[in-house]
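**Student:** Next up is a structure, given as structure tokens.
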Amino acid sequence: MACLPFDETSTGLTSGRAMTDAQTQKYFPVSWDDMHRSAKALAWKLHDIGHWKGLIAITRGGLVPAAIIARELEIRVIETVSVVSRAASDGSASGQHEETVILKHPANVGDGEGWLVIDDLVDTGRTIEVLRRMLPKAYFAAVYAKPQGMPLIDSFVTEVSQDTWIFLPWDGEMQISQPIAQQRKTPPGT
């Protein structure tokens, strides 16, 4: 069994991440155990970097790894920042572009000096780019990183190709999946 939020042939998933229907069928399912192990590995890396004033979890994906990392590093002061990407009209022919909006700012963190910012995944890097302007002295870490977002992150554990969809454990439920060879034989939508 694999942890997948929908049938492999479906193309209807949208979560604000950069994948589109016409792109790929590469999937990287992450179990709860995988997430715990990888977040703990990230905590090992972060432990040797320095002492942190506190931790800022990027909601919602960063909440789970942030809890694990906070426990492992014995960080008691935890803030959140809520960021959402949404379509915005820009007057172009397509009429749309992605706009990253901060819904909730972290409290009492200043310019981020001494603060650790945690997310589950850096994909295109848009979220981190916006937060770096707000918290220029913070240290940014993610469990998973894709090539487009890697230059914007200070530390990560696992690199995943840009054309791979990461299924996180809180986004799915257990269901039977076909072997990769079988998936390749079946045209999408049949």
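Residues are named by chain letter and number: chains run A, B, ... in the order of the structure tokens, numbers start at 1 in each chain, and ligands are numbered from 1 in the order shown.
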For the contact check between range 95-132 of chain A and range 68-89 of chain A, emit one row per residue of range 95-132 of chain A within 9 Å, containing the shortest atom pair and the distance in Å rounded to one decimal, counting only C-alpha atoms, chain then rising number order, as CSV.
**Tutor:**
residue,atom,partner,partner_atom,distance
A:Gly95,CA,A:Ser89,CA,5.2
A:Gln96,CA,A:Ser89,CA,4.6
A:His97,CA,A:Ala88,CA,5.4
A:Glu98,CA,A:Ala87,CA,4.7
A:Glu99,CA,A:Arg86,CA,5.3
A:Thr100,CA,A:Ser85,CA,4.3
A:Val101,CA,A:Val84,CA,5.4
A:Ile102,CA,A:Val83,CA,4.5
A:Leu103,CA,A:Ser82,CA,5.2
A:Lys104,CA,A:Ser82,CA,4.9
A:His105,CA,A:Val81,CA,5.0
A:Pro106,CA,A:Val81,CA,5.2
A:Ala107,CA,A:Glu79,CA,6.8
A:Asn108,CA,A:Glu79,CA,8.9
A:Val109,CA,A:Glu79,CA,8.5
A:Val117,CA,A:Thr80,CA,9.0
A:Ile118,CA,A:Ile69,CA,8.7
A:Arg126,CA,A:Ser85,CA,8.6
A:Thr127,CA,A:Val83,CA,7.0
A:Leu131,CA,A:Val81,CA,8.9
**Student:** Go ahead and write the residues just picked, C-alpha atoms, as a short mmCIF file (atom, residue, chain, number, x, y, z; two decimals), in the first residue's frame.
**Tutor:**
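In the end it all went to again_1.cif:
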data_model
loop_
_atom_site.label_atom_id
_atom_site.label_comp_id
_atom_site.auth_asym_id
_atom_site.auth_seq_id
_atom_site.Cartn_x
_atom_site.Cartn_y
_atom_site.Cartn_z
CA GLY A 95 -4.82 37.46 -16.79
CA GLN A 96 -3.32 35.54 -13.87
CA HIS A 97 -0.11 35.19 -11.89
CA GLU A 98 0.72 33.67 -8.52
CA GLU A 99 0.67 36.03 -5.59
CA THR A 100 2.17 35.02 -2.24
CA VAL A 101 0.31 36.54 0.71
CA ILE A 102 1.18 36.43 4.41
CA LEU A 103 -2.02 35.79 6.35
CA LYS A 104 -0.39 35.76 9.81
CA HIS A 105 2.98 37.20 10.82
CA PRO A 106 5.12 35.67 13.57
CA ALA A 107 5.16 37.73 16.78
CA ASN A 108 8.23 39.26 18.41
CA VAL A 109 10.84 37.87 16.03
CA VAL A 117 12.25 28.87 10.13
CA ILE A 118 10.94 25.38 9.25
CA ARG A 126 8.32 31.70 -3.68
CA THR A 127 7.31 31.29 -0.02
CA LEU A 131 9.78 35.33 4.10
#
**Student:** What are the nearest atom pairs, with distances in Å to one decimal, for all residues of range 49-125 of chain A that come at most 10 Å from range 133-145 of chain A, using only C-alpha atoms, set out by chain and rising residue number as a Markdown table?
**Tutor:**
| residue | atom | partner | partner_atom | distance |
| --- | --- | --- | --- | --- |
| A:Ile49 | CA | A:Tyr139 | CA | 9.8 |
| A:Trp52 | CA | A:Tyr139 | CA | 9.4 |
| A:Leu55 | CA | A:Tyr139 | CA | 9.6 |
| A:Ile56 | CA | A:Phe140 | CA | 9.4 |
| A:Ile58 | CA | A:Ala142 | CA | 9.9 |
| A:Gly61 | CA | A:Ala142 | CA | 10.0 |
| A:Gly62 | CA | A:Ala142 | CA | 8.0 |
| A:Pro65 | CA | A:Val143 | CA | 7.5 |
| A:Ala66 | CA | A:Ala142 | CA | 9.4 |
| A:His105 | CA | A:Met134 | CA | 9.3 |
| A:Pro106 | CA | A:Leu135 | CA | 9.9 |
| A:Val109 | CA | A:Leu135 | CA | 8.2 |
| A:Gly110 | CA | A:Leu135 | CA | 7.3 |
| A:Asp111 | CA | A:Leu135 | CA | 4.6 |
| A:Gly112 | CA | A:Ala138 | CA | 4.2 |
| A:Glu113 | CA | A:Lys137 | CA | 4.6 |
| A:Gly114 | CA | A:Ala138 | CA | 6.3 |
| A:Trp115 | CA | A:Ala138 | CA | 5.1 |
| A:Leu116 | CA | A:Tyr139 | CA | 5.0 |
| A:Val117 | CA | A:Phe140 | CA | 4.8 |
| A:Ile118 | CA | A:Ala141 | CA | 5.2 |
| A:Asp119 | CA | A:Ala142 | CA | 4.8 |
| A:Asp120 | CA | A:Val143 | CA | 5.1 |
| A:Leu121 | CA | A:Tyr144 | CA | 4.6 |
| A:Val122 | CA | A:Ala145 | CA | 4.9 |
| A:Asp123 | CA | A:Ala145 | CA | 6.2 |
| A:Thr124 | CA | A:Ala145 | CA | 9.2 |
| A:Gly125 | CA | A:Ala145 | CA | 9.2 |
**Student:** For Ser38 in chain A, which of A:Glu129, A:Gln183, A:Val64, A:Lys53 is the closest residue, counting only C-alpha atoms?
**Tutor:**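 For Ser38 in chain A, the nearest of the given residues is A:Val64.
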**Student:** For CA of Pro29 in chain A and CA of Ile166 in chain A, quote the distance in Å rounded to one decimal.
**Tutor:** 5.9 Å
**Student:** From range 43-143 of chain A, collect each residue whose DSSP state is helix (DSSP H, G or I) and return the set as a ChimeraX atom specification.
**Tutor:** /A:43-47,63-73,126-134
**Student:** So which residues of range 67-148 of chain A fall under strand (DSSP E or B) by DSSP, listed as a PyMOL selection string?
**Tutor:** chain A and resi 78-88+97-104+115-122+139-145
**Student:** Enter the distance from CA of Met174 in chain A to CA of Asp33 in chain A, in Å, rounded to one decimal.
**Tutor:**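 Here the two named atoms are 13.9 Å from each other.
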**Student:** So how many Å separate CA of Lys146 in chain A and CA of Ser161 in chain A, to one decimal?
**Tutor:**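 Distance reported for this atom pair: 5.6 Å.
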**Student:** So which one's closest to Trp44 in chain A, A:Gln178, A:Gly149, A:Phe156, A:Tyr27? Using only C-alpha atoms, please.
**Tutor:**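 With only C-alpha atoms as the atom set, the closest residue is A:Phe156.
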